[in-house]
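What follows is one structure encoded as structure tokens, with my remarks underneath.
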Amino acid sequence: MAGQGTPEDVMRSLNFAQDVSKEIKQANYQMDRVELKRLLAELTAAIASSKMELSLLQGVCEARDNELIRLNEALVYKGNLRRRGDGYYKSIDGRPYGQPYCSYCWEGNQKLIHLHNRILSKDVRVCPHCKNEYQAMRTPFLEAEGYTA
Ligand SMILES: [Zn+2]
């Protein structure tokens with residue numbers, strides 16, 4: 001009965017654990033050992049499942065937090081990113097500088113992915129994320145005047 005780490009999944013497994021403990025309580029500890037053992041095993045399993053759902057939920061929350069941070073960064077960068085040739089660059093006073101970012105990843109997903117030189121080639125740059133290739137001369141490293149990156 002593993003869920004997807006939604007709050008509903010957590011509640012469902014907690015409710016199940018509660019139902020089992022109610023059953024134990026209602027029997028007023030007067031049940032036979034075999035039955036009690038079975039219920040305790042069920043309770044243990046229900047609690048383990050709640051724990052798992054909770055950690056899944058925590059993962060989901062962290063992933064959403066990270067996505068929010070990423071989108072916020074993208075929004076901040078949006079204002080000072082400049083397109084030059086086939087790449088995007090950070091800019092100072094409207095002047096692009098530094099290493100180029102993949103234009104496909106930025107325009108499609110607001111992801112800032114630096115282009116890499118393709119191994120054994122100084123004419124081709126490649127995006128490690130989407131694998132698009134760019135001409136190095138259309139995506140040069142830009143020195144920033146009076147600024148060392
Ligand atoms: Zn890309």
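Naming works like this for the structure tokens: A, B, ... for the chains as they're shown, residue 1 at the start of each chain, ligands 1 onward in shown order.
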DSSP says alpha helix (DSSP H) for which residues of chain A? Put them as a PyMOL selection string?
chain A and resi 7-26+33-80+103-109
Let me see if you get this right: every residue at most 6 Å from ligand 1, counting only C-alpha atoms and all ligand atoms, written as a ChimeraX atom specification.
/A:102,104-105,127,129-130,132
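Here the question is which of A:Thr6, A:Ser21, A:Gln135, A:Ser91 gets nearest to Leu39 of chain A using only C-alpha atoms, and that residue is A:Ser21.
Picture a line from atom CA of Ala48 of chain A to atom CA of Asn66 of chain A; it runs 27.0 Å.
For Arg82 of chain A, the non-local neighbours within 8 Å, defined as residues at least 3 positions apart in the same chain or in other chains and counting only C-alpha atoms, are Tyr88, Tyr89, Lys90, Ser91, Gly94, Arg95 and Pro96 of chain A.
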Tell me, in Å to one decimal, how far atom CA of Gln58 of chain A is from atom CA of Gly5 of chain A.
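About the pair atom CA of Gln58 of chain A and atom CA of Gly5 of chain A: they are 7.7 Å apart.
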d(atom CA of Leu40 of chain A, atom CA of Phe16 of chain A) in Å
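According to the coordinates, atom CA of Leu40 of chain A and atom CA of Phe16 of chain A are separated by 12.5 Å.
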For Lys78 of chain A: contacts at 10 Å, only C-alpha atoms, fewer than 4 positions along chain excluded, given as a ChimeraX atom specification:
/A:72-74,82,90,106,110
Using the selection just defined, write its residues with all heavy atoms as a CSV table (one decimal), in the first residue's frame.
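And here's result22.csv as it stands now:
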```csv
chain,number,residue,atom,x,y,z
A,72,ASN,N,13.1,30.9,-8.8
A,72,ASN,CA,13.4,32.3,-8.3
A,72,ASN,C,14.7,32.8,-8.9
A,72,ASN,O,14.8,33.9,-9.3
A,72,ASN,CB,13.5,32.2,-6.8
A,72,ASN,CG,13.6,33.6,-6.2
A,72,ASN,OD1,12.9,34.5,-6.6
A,72,ASN,ND2,14.6,33.8,-5.3
A,73,GLU,N,15.7,31.9,-8.9
A,73,GLU,CA,17.0,32.2,-9.5
A,73,GLU,C,16.8,32.6,-11.0
A,73,GLU,O,17.4,33.6,-11.5
A,73,GLU,CB,18.0,31.1,-9.4
A,73,GLU,CG,18.7,31.0,-8.1
A,73,GLU,CD,19.7,29.8,-8.0
A,73,GLU,OE1,19.8,29.0,-8.9
A,73,GLU,OE2,20.3,29.7,-6.9
A,74,ALA,N,16.0,31.8,-11.7
A,74,ALA,CA,15.8,32.0,-13.1
A,74,ALA,C,15.2,33.4,-13.3
A,74,ALA,O,15.6,34.1,-14.2
A,74,ALA,CB,14.9,30.9,-13.7
A,82,ARG,N,21.7,38.1,-21.3
A,82,ARG,CA,21.7,38.7,-22.6
A,82,ARG,C,22.0,37.6,-23.6
A,82,ARG,O,22.9,36.8,-23.4
A,82,ARG,CB,22.8,39.8,-22.7
A,82,ARG,CG,22.5,41.0,-21.9
A,82,ARG,CD,21.4,41.9,-22.5
A,82,ARG,NE,21.1,43.0,-21.6
A,82,ARG,CZ,20.2,43.0,-20.6
A,82,ARG,NH1,19.6,41.9,-20.3
A,82,ARG,NH2,20.0,44.1,-19.9
A,90,LYS,N,25.5,36.0,-18.7
A,90,LYS,CA,25.2,37.0,-17.6
A,90,LYS,C,25.7,38.3,-18.1
A,90,LYS,O,26.6,38.3,-19.0
A,90,LYS,CB,25.9,36.6,-16.3
A,90,LYS,CG,25.2,35.4,-15.7
A,90,LYS,CD,25.9,35.0,-14.4
A,90,LYS,CE,25.2,33.8,-13.8
A,90,LYS,NZ,26.0,33.2,-12.7
A,106,TRP,N,17.6,27.3,-21.8
A,106,TRP,CA,17.1,28.5,-21.1
A,106,TRP,C,15.7,28.9,-21.7
A,106,TRP,O,14.8,29.2,-20.9
A,106,TRP,CB,18.1,29.7,-21.3
A,106,TRP,CG,17.5,31.0,-20.8
A,106,TRP,CD1,17.2,32.1,-21.5
A,106,TRP,CD2,17.3,31.3,-19.4
A,106,TRP,NE1,16.7,33.0,-20.7
A,106,TRP,CE2,16.7,32.6,-19.4
A,106,TRP,CE3,17.4,30.6,-18.2
A,106,TRP,CZ2,16.3,33.2,-18.2
A,106,TRP,CZ3,17.0,31.3,-17.0
A,106,TRP,CH2,16.5,32.6,-17.1
A,110,GLN,N,14.0,27.4,-18.8
A,110,GLN,CA,14.6,28.4,-17.8
A,110,GLN,C,15.7,27.7,-17.0
A,110,GLN,O,15.8,27.9,-15.8
A,110,GLN,CB,13.5,29.0,-16.9
A,110,GLN,CG,12.8,30.1,-17.5
A,110,GLN,CD,11.7,29.6,-18.5
A,110,GLN,OE1,10.9,28.8,-18.2
A,110,GLN,NE2,11.8,30.0,-19.7
```
